[in-house]
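What follows is a set of notes on a single structure, which appears directly below.
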Amino acid sequence: MLLIECPWCGERAETEFSYGGEAGIARPPDPDVLSDAEWADYLFNRSNPRGAHRELWNHAQGCRRWFGVERDTVTYRIAGSFRLSDGSDNREG
Amino acid sequence: MSRPLDRRHGLEPLLAELSGSRTADPGASVTIRNDLGHINVRGRAADAGFVQSVEQVLGQALPVKPNTVSLDQHEVFWLGPDEWLIVTPAAAAAELAGRLQKATSDTHASVNDISGGQVVLILQGAKCRDLLAKGCTLDLHPGAFAVGDCAQSGIARANVLLALVDEMPTFMIVIRRSFSDYLCRWLTHAGRDEGIAFKDS
Amino acid sequence: MQPQRLPTGGRIDRSKPLSFRFDGRKLEGYAGDTLASALLANGVSIVGRSFKLRRPRGIVGSGAEEPNAIMQIGKGAHAQPNLRATQVELYEGLVARTTKGWPGARFDLGAINDIFGKVFSAGFYYKTFMRPKSWWHLYERFIRASAGFGRAPTETDPDHYEHRNAHCDVLIAGGGPAGLSAALAAGRAGARVILADEQDEFGGSLAGAKRNIGDAPADEWLRRTVESLAALDNVTLLPRSTVFGYYDHNFLAIAERCTDHLPEADRAGVRQRLWRVRAKQVVLAQGAFERPLAFCNNDRPGVMLASAVSQYIRRYAVRPGRRAVVFTNNDSAYETAIDLAEAGSSVVIVDSRADGAGSLGERAAKAGISVIAGHIVTDVVGRRRVRGVRVAGWSGNPSYLVESSIHIDCDLVAVSGGWSPAVHLHSHAGGRNAWDTERHCFVPGEAAQANVSAGACNGKWSLRECLREGIESGRAAASRCGFEAPEIDTPSTSEGHYNPLQPLWRVPADAEPERCPKQFLDFQNDTSVADIRLAVREGYRNVEHVKRYTALGFGTDQGKLGNIIGMAVLAECLGKSIPEVGTTTFRPAYTPVAFAVGAGESVGDLYDPVRKTAVHEWHVAAGAPMENVGQWHRPWYFPRDGEDLHAAVARECVAARQSLGIMDASTLGKIDARGRDVVEFLERIYTHNVGKMKIGRCAYGIMLGEDGMVMDDGVMARLGEQRFYLTTTTGGAANVLAWLEAWLQTEWPELEVFLTSLTDHFSTIAMVGPNSRRVLERIGCTIDLDKDSFPFMAVRDAELGGYPVQLFRVSFSGELAFEINIDSGSALEMWKTVMAAGEEFGVTPYGTETMHVLRAEKGFVIVGQDTDGSVTPVDLGMNWLLSKDKDFLGKRSLARPDCLRSDRKQLVGLLSSDNTVLPEGTQLVEAPGAPVPVPMCGHVTSSYMSACLGHPIALALVAGGRARKGETIYAALPGREPLPVTIAAPVFYDPKGERQHV
């Protein structure tokens with residue numbers, strides 16, 4: 001079970017969180033101008049890397065904030081978590 | 001004419017069920033507080049005007065440090081960077097909510113009286129840390145969770161707001177009304193070796 | 001009478017004799033015994049039959065590695081299958097049964113399999129039971145029945161199990177010399193320490209050892225150390241506790257057996273406890289497993305691990321044999337020989353090494369033990385019990401064929417093939433293992449998490465090294481947690497010199513493995529050297545494939561004995577080195593864990609939270625059966641005088657349409673949304689024009705996922721210029737709120753909107769039917785309720801019977817209807833008030849079933865029942881809800897080619913040709929006579945008998961259905977002819993919608 005650092009509440013058990021997929025997928029400002037392929041890319045395609053992955057988590061059982069986590073998809077090691085609103089990174093070291 | 005406030009907490013049937021099985025020397029006791037009102041306040045901690053307005057109405061500080069509770073005239077819990085819960089005597093809650101609403105009306109804020117939706121359980125006794133550890137993943141060691149600390153987490157499969165209000169220790173558990181029967185039944189089951197007693201406030 | 005019990009010694013309590021039963025026989029042991037030691041004391045040599053070949057098997061080990069003595073312990077509901085007798089503490093009245101062998105281990109009908117043993121080679125099941133395919137279910141029954149492995153009780157488990165979450169600075173797995181030293185070092189530094197050991201007492205290999213630590217006997221050191229630890233408040237000692245899994249981020253699981261060692265009548269409280277530990281640092285000190293050697297018939301009862309023989313003598317004062325042959329390739333087994341000699345047995349050591357042992361060799365010689373160096377045991381004589389061994393000279397060539405051998409009479413063969421560190425937890429944590437070419441074993445490589453291995457589980461065999469590594473690792477772990485760790489001297493121990501181990505796995509015999517008696521690697525699965533060789537001949541190369549083909553290591557012991565030598569044999573066959581072949585993956589659980597301890601408190605009524613509305617107790621008192629809707633318990637229907645579901649629902653439907661029904665709708669999700677940008681936000685979320693809504697009015701809204709599929713729906717109300725009240729489906733409440741917050745927090749943080757859940761604060765009472773207005777007026781309402789003052793889809797704050805309420809004129813039934821939102825603390829009172837005021841109109845409470853019928857008669861969908869995540873609003877015929885003037889989530893997807901197909905499944909009504917209520921989920925076909933597989937064109941999503949219409953109705957999703965009204969298609973019903981059904985409009989009742997506007 002992962003130990004995830006909420007940027008506000010500190011380290012909590014994985015059971016308090018829900019997963020939100022890859023971070024940084026911005027909604028296109030004007031969907032109507034996109035081709036079907038471009039829209040499908042936004043909808044369905046994700047980078048799915050082997051290694052470092054920046055992803056969204058929600059502290060669902062806690063402060064209900066959405067935040068980012070950089071997690072290694074092979075080792076599950078978490079390099080750090082970061083707030084989305086101000087871009088500040090809570091990563092240590 | 002409004003009716004006088006005489007809320008049911010909904011745990012009356014459970015208490016009736018348990019009334020036959022009083023534990024002689026309980027390691028933990030649960031008091032169901034029926035006399036408290038709950039106000040949810042949202043606003044930005046960085047908005048000085050908002051914080052000042054709320055503090056003025058409350059007469060006490062709005063805790064901006066995560067996972068702390070300000071224990072004074074009211075219990076004011078930090079719930080998130082823009083969300084707080086005020087627990088106050090039930091009789092005064094609606095009026096307090098009204099004043100908060102008014103004081104924050106010209107800024108980005110939201111005040112909701114949610115008294116009907118929450119139940120407060122006061123958990124006391126020598127064994128209550130052991131009991132909580134059976135269902136809660138927080139580290140409740142006195143060195144890790146001190147008086148004035150609060151946290152939203154889970155007990156068994158229910159979401160709760162948990163706070164340590166004195167060193168007795170006394171824990172305050174705030175739970176959504178619809179889950180309170182489940183949580184009390186879980187506490188009864190989990191605490192049967194420690195001994196657990198329930199009472200109505 | 002315990003024939004093999006020594007007159008003195010051991011750590012058993014001879015003043016406490018205990019009687020127990022084994023396969024019906026009444027036997028006796030002592031307090032302090034394990035079931036295995038008591039069986040050996042009684043001279044029981046056969047404790048089970050092997051899985052495939054049904055060969056008689058005896059006790060091999062003394063701990064977690066035991067493959068043969070797998071027992072069913074206890075009776076009735078308390079019984080536990082598949083426990084290792086070596087780890088079951090004896091108690092008065094214990095009842096044990098062998099789990100393998102039918103009708104019993106001593107006489108097993110399946111033993112005939114052994115005669116045909118050549119047939120049961122690797123891959124036998126795969127090869128034999130493949131054809132004919134349709135017979136597999138017959139084969140499976142036979143295989144399962146004959147496989148044994150215990151029976152789970154069919155009764156409900158009466159015992160209490162619990163979970164316990166814990167946090168610590170240093171968790172130490174294993175309480176032998178290394179673990180105890182680590183605990184003392186970390187504990188004295190002030191760290192929060194948990195020390196767990198699977199045995200009933202701490203000490204590991206030290207218990208009963210005739211060694212000195214410092215100036216005291218080992219037992220004395222042990223006693224003092226455990227006392228010191230117990231005196232430290234910051235140290236938690238967990239005996240009888242197995243650390244069975246090491247998971248991500250230093251999360252470990254421990255199964256504690258609290259009362260399993262007590263007579264059933266004396267057990268009170270928690271039987272087993274699951275510790276879920278988050279540790280900052282972990283010290284692994286679980287010791288090592290002794291390895292057997294693969295010689296012919298090495299599975300005969302009486303062939304045991306040398307270390308186990310020593311354990312039985314030292315700790316339990318049980319002598320497993322009177323005439324022993326000790327067969328070894330290393331020094332450690334010489335201690336066993338000395339133990340045996342001291343216990344009065346005659347002993348011969350057969351040492352594969354030409355030079356024999358170091359210091360221990362000298363001690364053995366002094367004890368008068370004869371050593372046959374440069375020799376090997378090639379075969380075992382005896383079937384139900386060892387009667388002797390064949391011994392031959394050997395010069396170290398692994399492919400040597402033995403030409404001549406001598407016979408030595410014996411009743412015990414104590415084997416040591418060297419030691420393998422218990423790297424299991426290190427591996428669970430993600431760490432790799434490295435082959436140590438000097439010690440010939442896998443040792444832990446670099447740790448993948450915050451853990452370190454110490455002592456024998458790090459490949460350190462001497463007591464001094466174990467103590468030193470324990471102290472060092474404990475201090476280091478504490479200091480990594482920020483504690484100042486005081487120096488502790490390593491106590492002195494006398495260590496002799498050791499001769500190196502000689503690598504030996506498969507022991508040469510007088511023929512190739514295929515032609516000589518079986519040389520077993522895995523006793524539980526009867527995997528032999530010949531099986532590994534066969535797998536290689538058939539083309540298997542990868543160790544994971546060979547494992548699966550031969551079942552090596554697949555038993556409940558997970559190959560703790562046989563895996564390493566199996567891999568060594570594989571390496572030999574492939575002409576590779578052992579590290580090149582590698583190990584298979586170690587996975588939790590280290591030893592089997594009872595399902596019950598995994599479930600903990602989450603059983604029965606506590607399996608999942610039951611959410612109750614404020615009116616719940618009234619529903620229960622009224623005798624309503626409950627339906628689970630998500631976690632909520634909602635009344636299903638309210639039967640009167642022996643009514644069944646159908647009769648009750650028919651009555652309730654008619655009452656609601658003709659006079660007055662009342663329903664508890666409190667489970668709806670409720671959200672307060674407000675802020676300067678709330679309209680802009682809701683415009684992006686909902687498909688309709690939110691901005692055009694007038695204050696005090698409601699609207700039906702749907703929200704889509706970005707894929708254009710309907711996600712949730714509900715009535716929303718505009719309460720102010722910048723304030724809305726949203727409702728969601730019962731099941732979608734939490735998800736919708738999280739989804740809305742996600743957009744606000746991640747995508748549109750510039751929008752000033754706050755959302756607050758009011759789901760629990762408000763209870764919702766729906767009053768439905770032509771008399772609803774009249775009853776509200778009778779209760780006393782502070783606002784005018786007539787059609788013009790309070791029209792359809794209006795919302796207003798009011799006082800009702802003196803209670804402040806929010807009153808909505810909305811309808812999920814098509815009737816004149818109101819919904820009352822009231823503080824949940826007063827909801828029961830309000831419900832009773834309505835019941836009393838409505839009495840003269842025959843007010844009828846109804847549940848979820850009637851609600852479904854009423855809404856289906858009107859063609860109102862339930863998201864999640866009539867939709868399934870692949871349905872667009874266009875499919876539902878809700879184009880009127882889709883604003884053309886704005887963007888909203890999912891809008892772009894509606895223009896994707898797939899969403900524009902004309903043959904998409906669309907919502908329609910269905911009328912069956914007879915009075916059949918079509919089962920929900922029924923598949924619909926165009927042409928029933930078409931060749932199989934018949935193409936399907938849709939399915940039934942909702943289906944009920946409509947009492948008000950006098951015939952059944954159904955909603956369905958049918959390909960291109962909206963353009964096909966009046967056409968006939970067919971419902972595929974099990975066990976009968978396809979039924980013709982007619983496609984209709986989905987609104988069956990009051991299609992013009994006049995009744996709700998009165």
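Identifiers in the structure tokens: chain A, B, ... in order shown; residue index from 1 per chain; ligand index from 1 in order shown.
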Provide as a ChimeraX atom specification the residues of chain A at most 8 Å from chain B, counting only C-alpha atoms.
/A:8-9,12-13,16,61-65
Please produce an output containing N, CA and C atoms for each residue in the selection, written as a JSON list (two decimals), in the first residue's frame.
[["chain", "number", "residue", "atom", "x", "y", "z"],
["A", 8, "TRP", "N", -0.95, 19.17, 1.61],
["A", 8, "TRP", "CA", -1.50, 19.86, 2.78],
["A", 8, "TRP", "C", -1.47, 19.00, 4.03],
["A", 9, "CYS", "N", -1.84, 17.74, 3.90],
["A", 9, "CYS", "CA", -2.03, 16.88, 5.08],
["A", 9, "CYS", "C", -0.84, 16.00, 5.39],
["A", 12, "ARG", "N", -0.08, 10.10, 4.03],
["A", 12, "ARG", "CA", -1.25, 9.33, 4.43],
["A", 12, "ARG", "C", -1.29, 8.04, 3.61],
["A", 13, "ALA", "N", -2.05, 7.07, 4.12],
["A", 13, "ALA", "CA", -2.18, 5.77, 3.45],
["A", 13, "ALA", "C", -2.93, 5.93, 2.13],
["A", 16, "GLU", "N", -6.72, 6.57, 1.50],
["A", 16, "GLU", "CA", -7.40, 7.86, 1.64],
["A", 16, "GLU", "C", -7.51, 8.60, 0.31],
["A", 61, "GLN", "N", -10.45, 11.20, 1.04],
["A", 61, "GLN", "CA", -10.95, 11.01, 2.40],
["A", 61, "GLN", "C", -10.47, 12.13, 3.31],
["A", 62, "GLY", "N", -9.61, 12.98, 2.81],
["A", 62, "GLY", "CA", -9.05, 14.04, 3.63],
["A", 62, "GLY", "C", -9.52, 15.41, 3.19],
["A", 63, "CYS", "N", -8.61, 16.25, 2.71],
["A", 63, "CYS", "CA", -8.93, 17.65, 2.43],
["A", 63, "CYS", "C", -9.57, 17.85, 1.06],
["A", 64, "ARG", "N", -9.78, 16.76, 0.31],
["A", 64, "ARG", "CA", -10.47, 16.78, -0.99],
["A", 64, "ARG", "C", -9.72, 17.61, -2.05],
["A", 65, "ARG", "N", -8.43, 17.86, -1.80],
["A", 65, "ARG", "CA", -7.65, 18.60, -2.81],
["A", 65, "ARG", "C", -7.14, 17.63, -3.87]]
Select from chain C every residue with an atom at most 6 Å from any atom of chain B, then for each give the shortest pair of atoms and their distance in Å to one decimal, using only C-alpha atoms, rows by chain and rising number, as a tab-separated table.
residue	atom	partner	partner_atom	distance
C:His163	CA	B:Lys134	CA	5.2
C:Arg164	CA	B:Lys134	CA	4.2
C:Asn165	CA	B:Ala133	CA	5.2
C:Gly269	CA	B:Asp193	CA	5.8
C:Pro609	CA	B:Tyr182	CA	5.6
C:Val610	CA	B:Tyr182	CA	5.9
C:Arg611	CA	B:Ser178	CA	4.8
C:Lys612	CA	B:Ser178	CA	5.0
C:Thr613	CA	B:Ser178	CA	5.9
C:Asp760	CA	B:Gly117	CA	4.1
C:His761	CA	B:Gly117	CA	3.4
C:Gly802	CA	B:Ser2	CA	4.7
C:Tyr803	CA	B:Ser2	CA	5.8
C:Asp823	CA	B:Gly116	CA	5.0
C:Ser824	CA	B:Gly116	CA	4.8
C:Gly825	CA	B:Arg7	CA	4.3
C:Ser826	CA	B:Arg7	CA	5.8
Taking only C-alpha atoms into account, what are the residues of chain A at most 8 Å from chain C, put as an mmCIF file with N, CA and C atoms, in the first residue's frame?
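This is the output file out_6.cif:
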data_model
loop_
_atom_site.group_PDB
_atom_site.id
_atom_site.type_symbol
_atom_site.label_atom_id
_atom_site.label_comp_id
_atom_site.auth_asym_id
_atom_site.auth_seq_id
_atom_site.Cartn_x
_atom_site.Cartn_y
_atom_site.Cartn_z
ATOM 1 N N MET A 1 0.844 -1.187 0.000
ATOM 2 C CA MET A 1 0.000 0.000 0.000
ATOM 3 C C MET A 1 0.885 1.245 0.000
ATOM 4 N N LEU A 2 0.630 2.118 -0.947
ATOM 5 C CA LEU A 2 1.475 3.301 -1.097
ATOM 6 C C LEU A 2 1.294 4.251 0.090
ATOM 7 N N LEU A 3 2.327 5.020 0.328
ATOM 8 C CA LEU A 3 2.262 6.112 1.294
ATOM 9 C C LEU A 3 2.391 7.382 0.463
ATOM 10 N N ALA A 26 -4.286 19.121 -20.602
ATOM 11 C CA ALA A 26 -5.132 20.322 -20.565
ATOM 12 C C ALA A 26 -6.318 20.156 -21.496
ATOM 13 N N ARG A 27 -7.476 20.637 -21.063
ATOM 14 C CA ARG A 27 -8.642 20.583 -21.945
ATOM 15 C C ARG A 27 -8.452 21.624 -23.053
ATOM 16 N N PRO A 31 -12.835 23.155 -28.322
ATOM 17 C CA PRO A 31 -12.926 21.786 -28.863
ATOM 18 C C PRO A 31 -13.469 21.740 -30.289
ATOM 19 N N ASP A 32 -14.314 22.697 -30.648
ATOM 20 C CA ASP A 32 -14.964 22.640 -31.964
ATOM 21 C C ASP A 32 -13.978 22.755 -33.128
ATOM 22 N N ASP A 36 -11.420 15.286 -35.525
ATOM 23 C CA ASP A 36 -11.808 14.120 -34.730
ATOM 24 C C ASP A 36 -10.577 13.451 -34.136
ATOM 25 N N TRP A 39 -9.195 15.499 -31.198
ATOM 26 C CA TRP A 39 -10.069 15.359 -30.033
ATOM 27 C C TRP A 39 -9.896 13.972 -29.409
ATOM 28 N N LEU A 43 -8.840 12.841 -25.653
ATOM 29 C CA LEU A 43 -9.717 11.972 -24.873
ATOM 30 C C LEU A 43 -9.024 10.695 -24.411
ATOM 31 N N ALA A 60 -9.183 12.137 -1.286
ATOM 32 C CA ALA A 60 -10.642 12.013 -1.238
ATOM 33 C C ALA A 60 -11.176 11.917 0.186
ATOM 34 N N ARG A 64 -9.780 16.757 0.308
ATOM 35 C CA ARG A 64 -10.471 16.779 -0.989
ATOM 36 C C ARG A 64 -9.721 17.605 -2.046
ATOM 37 N N ARG A 65 -8.428 17.859 -1.801
ATOM 38 C CA ARG A 65 -7.653 18.597 -2.812
ATOM 39 C C ARG A 65 -7.141 17.626 -3.868
ATOM 40 N N TRP A 66 -7.117 18.117 -5.107
ATOM 41 C CA TRP A 66 -6.415 17.412 -6.186
ATOM 42 C C TRP A 66 -4.992 17.933 -6.223
ATOM 43 N N THR A 75 9.040 1.007 -10.055
ATOM 44 C CA THR A 75 9.360 0.738 -8.645
ATOM 45 C C THR A 75 8.266 1.233 -7.698
ATOM 46 N N TYR A 76 7.354 2.022 -8.203
ATOM 47 C CA TYR A 76 6.314 2.692 -7.406
ATOM 48 C C TYR A 76 6.896 3.719 -6.442
ATOM 49 N N ARG A 77 8.180 4.005 -6.572
ATOM 50 C CA ARG A 77 8.749 5.033 -5.702
ATOM 51 C C ARG A 77 8.163 6.387 -6.072
ATOM 52 N N LEU A 84 -1.191 21.926 -7.608
ATOM 53 C CA LEU A 84 -1.485 22.276 -8.994
ATOM 54 C C LEU A 84 -1.686 23.776 -9.162
ATOM 55 N N SER A 85 -2.328 24.380 -8.162
ATOM 56 C CA SER A 85 -2.753 25.759 -8.337
ATOM 57 C C SER A 85 -1.564 26.710 -8.471
#
Would you mind listing what lies within 7 Å of Ala52 in chain A as an mmCIF file with all heavy atoms, in the first residue's frame, with only C-alpha atoms counted and same-chain residues fewer than 4 positions away left out?
data_model
loop_
_atom_site.group_PDB
_atom_site.id
_atom_site.type_symbol
_atom_site.label_atom_id
_atom_site.label_comp_id
_atom_site.auth_asym_id
_atom_site.auth_seq_id
_atom_site.Cartn_x
_atom_site.Cartn_y
_atom_site.Cartn_z
ATOM 1 N N GLU A 70 4.724 12.641 -8.595
ATOM 2 C CA GLU A 70 5.603 12.006 -9.570
ATOM 3 C C GLU A 70 5.993 10.635 -9.033
ATOM 4 O O GLU A 70 6.638 10.502 -8.008
ATOM 5 C CB GLU A 70 6.853 12.837 -9.839
ATOM 6 C CG GLU A 70 7.656 12.235 -10.984
ATOM 7 C CD GLU A 70 8.919 13.029 -11.300
ATOM 8 O OE1 GLU A 70 8.839 14.264 -11.378
ATOM 9 O OE2 GLU A 70 9.978 12.387 -11.443
ATOM 10 N N ARG A 71 5.523 9.619 -9.740
ATOM 11 C CA ARG A 71 5.686 8.243 -9.274
ATOM 12 C C ARG A 71 6.373 7.427 -10.360
ATOM 13 O O ARG A 71 6.100 7.615 -11.549
ATOM 14 C CB ARG A 71 4.302 7.638 -8.982
ATOM 15 C CG ARG A 71 4.321 6.218 -8.419
ATOM 16 C CD ARG A 71 2.885 5.767 -8.145
ATOM 17 N NE ARG A 71 2.093 5.743 -9.381
ATOM 18 C CZ ARG A 71 1.867 4.643 -10.109
ATOM 19 N NH1 ARG A 71 2.332 3.491 -9.715
ATOM 20 N NH2 ARG A 71 1.152 4.716 -11.215
ATOM 21 N N ASP A 72 7.248 6.554 -9.949
ATOM 22 C CA ASP A 72 7.906 5.661 -10.898
ATOM 23 C C ASP A 72 6.998 4.456 -11.127
ATOM 24 O O ASP A 72 6.633 3.751 -10.185
ATOM 25 C CB ASP A 72 9.261 5.222 -10.324
ATOM 26 C CG ASP A 72 10.086 4.467 -11.363
ATOM 27 O OD1 ASP A 72 9.591 3.453 -11.917
ATOM 28 O OD2 ASP A 72 11.211 4.885 -11.622
ATOM 29 N N THR A 73 6.626 4.227 -12.369
ATOM 30 C CA THR A 73 5.664 3.162 -12.649
ATOM 31 C C THR A 73 6.280 1.772 -12.545
ATOM 32 O O THR A 73 5.564 0.776 -12.583
ATOM 33 C CB THR A 73 5.047 3.322 -14.060
ATOM 34 O OG1 THR A 73 6.112 3.314 -15.014
ATOM 35 C CG2 THR A 73 4.257 4.599 -14.176
#
Quick check for you: according to DSSP on this backbone, which residues of range 16-194 of chain B are classed as helix (DSSP H, G or I)? Reply as JSON, numbers by chain.
{"B": [16, 17, 18, 48, 49, 50, 51, 52, 53, 54, 55, 56, 57, 58, 90, 91, 92, 93, 94, 95, 96, 97, 98, 99, 100, 101, 102, 103, 115, 116, 117, 128, 129, 130, 131, 132, 133, 177, 178, 179, 180, 181, 182, 183, 184, 185, 186, 187, 188, 189, 190]}
List as a short mmCIF file (atom, residue, chain, number, x, y, z; two decimals) with N, CA and C atoms, in the first residue's frame the protein and nucleic acid residues near Tyr316 in chain C, meaning an atom at most 6 Å away when only C-alpha atoms are counted, but skip any in the same chain fewer than 2 places from it.
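Result went into result-v3.cif, see below:
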data_model
loop_
_atom_site.label_atom_id
_atom_site.label_comp_id
_atom_site.auth_asym_id
_atom_site.auth_seq_id
_atom_site.Cartn_x
_atom_site.Cartn_y
_atom_site.Cartn_z
N GLY C 10 15.25 -30.51 27.34
CA GLY C 10 14.22 -29.85 26.55
C GLY C 10 13.57 -28.70 27.28
N ARG C 11 12.76 -27.95 26.54
CA ARG C 11 12.07 -26.79 27.13
C ARG C 11 10.59 -27.09 27.30
N ILE C 12 10.27 -28.36 27.42
CA ILE C 12 8.88 -28.75 27.63
C ILE C 12 8.61 -28.81 29.13
N TYR C 312 14.46 -30.98 17.64
CA TYR C 312 13.60 -31.91 18.38
C TYR C 312 14.32 -32.43 19.62
N ILE C 313 15.62 -32.68 19.51
CA ILE C 313 16.36 -33.18 20.68
C ILE C 313 16.49 -32.08 21.74
N ARG C 314 16.98 -30.90 21.28
CA ARG C 314 17.32 -29.85 22.25
C ARG C 314 16.09 -29.22 22.87
N VAL C 318 13.00 -34.88 22.25
CA VAL C 318 12.48 -35.98 21.45
C VAL C 318 13.63 -36.49 20.58
#
Length of the CA of Leu894 in chain C to CA of Ala23 in chain A vector [Å]
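Separation between CA of Leu894 in chain C and CA of Ala23 in chain A: 24.8 Å.
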Quick one: pick out all strand (DSSP E) residues within chain A from a backbone DSSP run and write them as a ChimeraX atom specification.
/A:3-6,10-13,18-22,52-58,66-72,78-83
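Here the question is which of C:Arg651, C:Pro928, C:His997, C:Arg796 gets nearest to Glu977 in chain C using only C-alpha atoms, and that residue is C:Pro928.
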For the atom pair CA of Asn563 in chain C and CA of Ser62 in chain C, what is the interatomic distance in Å to one decimal place?
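Between these atoms lies a distance of 17.8 Å.
If you measure from each of A:Leu34, A:Ile25, A:Ala40, A:Leu56 to Val69 in chain A using only C-alpha atoms, the closest one turns out to be A:Leu56.
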Show which residues sit within 7 Å of Val863 in chain C, as a VMD selection string. Count only C-alpha atoms, and ignore same-chain residues fewer than 2 positions away.
chain C and resid 712 to 713 861 865 to 867
Could you write out that same residue set with C-alpha atoms as a tab-separated table (two decimals), in the first residue's frame?
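What follows is the written file selection32.tsv:
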chain	number	residue	atom	x	y	z
C	712	ASP	CA	-25.29	11.62	-14.13
C	713	ASP	CA	-28.59	13.46	-14.02
C	861	VAL	CA	-34.49	6.94	-17.35
C	865	GLN	CA	-29.83	1.21	-15.32
C	866	ASP	CA	-31.09	2.44	-18.67
C	867	THR	CA	-27.62	3.74	-19.45
Quick one: residues within 10 Å of Phe50 in chain B, only C-alpha atoms counted, chain neighbours fewer than 3 positions away excluded, as a PyMOL selection string?
chain B and resi 42-47+53-56+103-109
Could you save those same residues with N, CA, C and O atoms as a CSV table (one decimal), in the first residue's frame?
chain,number,residue,atom,x,y,z
B,42,ARG,N,-16.6,28.0,3.6
B,42,ARG,CA,-15.5,28.0,2.6
B,42,ARG,C,-15.1,29.4,2.2
B,42,ARG,O,-15.9,30.3,2.1
B,43,GLY,N,-13.8,29.6,2.0
B,43,GLY,CA,-13.3,30.8,1.6
B,43,GLY,C,-11.8,30.7,1.4
B,43,GLY,O,-11.3,29.6,1.8
B,44,ARG,N,-11.1,31.7,1.0
B,44,ARG,CA,-9.7,31.5,0.7
B,44,ARG,C,-8.9,32.0,2.0
B,44,ARG,O,-9.1,33.1,2.4
B,45,ALA,N,-8.0,31.1,2.4
B,45,ALA,CA,-7.2,31.4,3.6
B,45,ALA,C,-6.3,32.7,3.3
B,45,ALA,O,-6.0,33.4,4.2
B,46,ALA,N,-6.0,32.8,2.0
B,46,ALA,CA,-5.1,34.0,1.6
B,46,ALA,C,-5.9,35.3,1.5
B,46,ALA,O,-5.3,36.3,1.4
B,47,ASP,N,-7.2,35.2,1.6
B,47,ASP,CA,-8.1,36.4,1.5
B,47,ASP,C,-8.2,37.0,2.9
B,47,ASP,O,-9.1,36.5,3.7
B,53,SER,N,-13.2,38.7,8.6
B,53,SER,CA,-14.6,38.8,8.8
B,53,SER,C,-15.1,37.6,9.6
B,53,SER,O,-15.9,37.7,10.6
B,54,VAL,N,-14.6,36.4,9.3
B,54,VAL,CA,-15.0,35.2,10.0
B,54,VAL,C,-14.5,35.2,11.4
B,54,VAL,O,-15.3,35.0,12.3
B,55,GLU,N,-13.3,35.7,11.6
B,55,GLU,CA,-12.7,35.7,13.0
B,55,GLU,C,-13.5,36.7,13.9
B,55,GLU,O,-13.7,36.4,15.0
B,56,GLN,N,-13.9,37.8,13.2
B,56,GLN,CA,-14.6,38.8,14.0
B,56,GLN,C,-15.9,38.2,14.5
B,56,GLN,O,-16.3,38.4,15.6
B,103,ALA,N,-21.4,38.5,7.0
B,103,ALA,CA,-20.1,39.1,7.1
B,103,ALA,C,-19.2,38.8,5.9
B,103,ALA,O,-18.3,39.5,5.6
B,104,THR,N,-19.5,37.7,5.2
B,104,THR,CA,-18.7,37.3,4.1
B,104,THR,C,-19.4,37.5,2.8
B,104,THR,O,-18.9,37.0,1.8
B,105,SER,N,-20.5,38.2,2.8
B,105,SER,CA,-21.3,38.3,1.6
B,105,SER,C,-20.6,39.1,0.4
B,105,SER,O,-20.9,38.9,-0.7
B,106,ASP,N,-19.6,39.9,0.7
B,106,ASP,CA,-19.0,40.6,-0.4
B,106,ASP,C,-17.7,40.0,-0.8
B,106,ASP,O,-16.9,40.7,-1.5
B,107,THR,N,-17.4,38.8,-0.4
B,107,THR,CA,-16.2,38.2,-0.8
B,107,THR,C,-16.5,36.8,-1.3
B,107,THR,O,-17.6,36.3,-1.2
B,108,HIS,N,-15.5,36.1,-1.9
B,108,HIS,CA,-15.7,34.7,-2.4
B,108,HIS,C,-15.8,33.8,-1.2
B,108,HIS,O,-14.7,33.4,-0.6
B,109,ALA,N,-16.9,33.4,-0.8
B,109,ALA,CA,-17.1,32.6,0.4
B,109,ALA,C,-18.4,31.9,0.3
B,109,ALA,O,-19.3,32.2,-0.5
Find the residues near range 164-167 of chain B: any atom within 10 Å, counting only C-alpha atoms, skip ones fewer than 5 places away on the same chain, and give them as a list in words.
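The residues that qualify are Thr68, Val69, Ser70, Leu71, Glu75, Ile122, Leu123, Gln124, Leu140, Pro142, Phe145, Ala146, Val147, Gly148, Asp149, Cys150, Ala151, Met172 and Ile173 of chain B.
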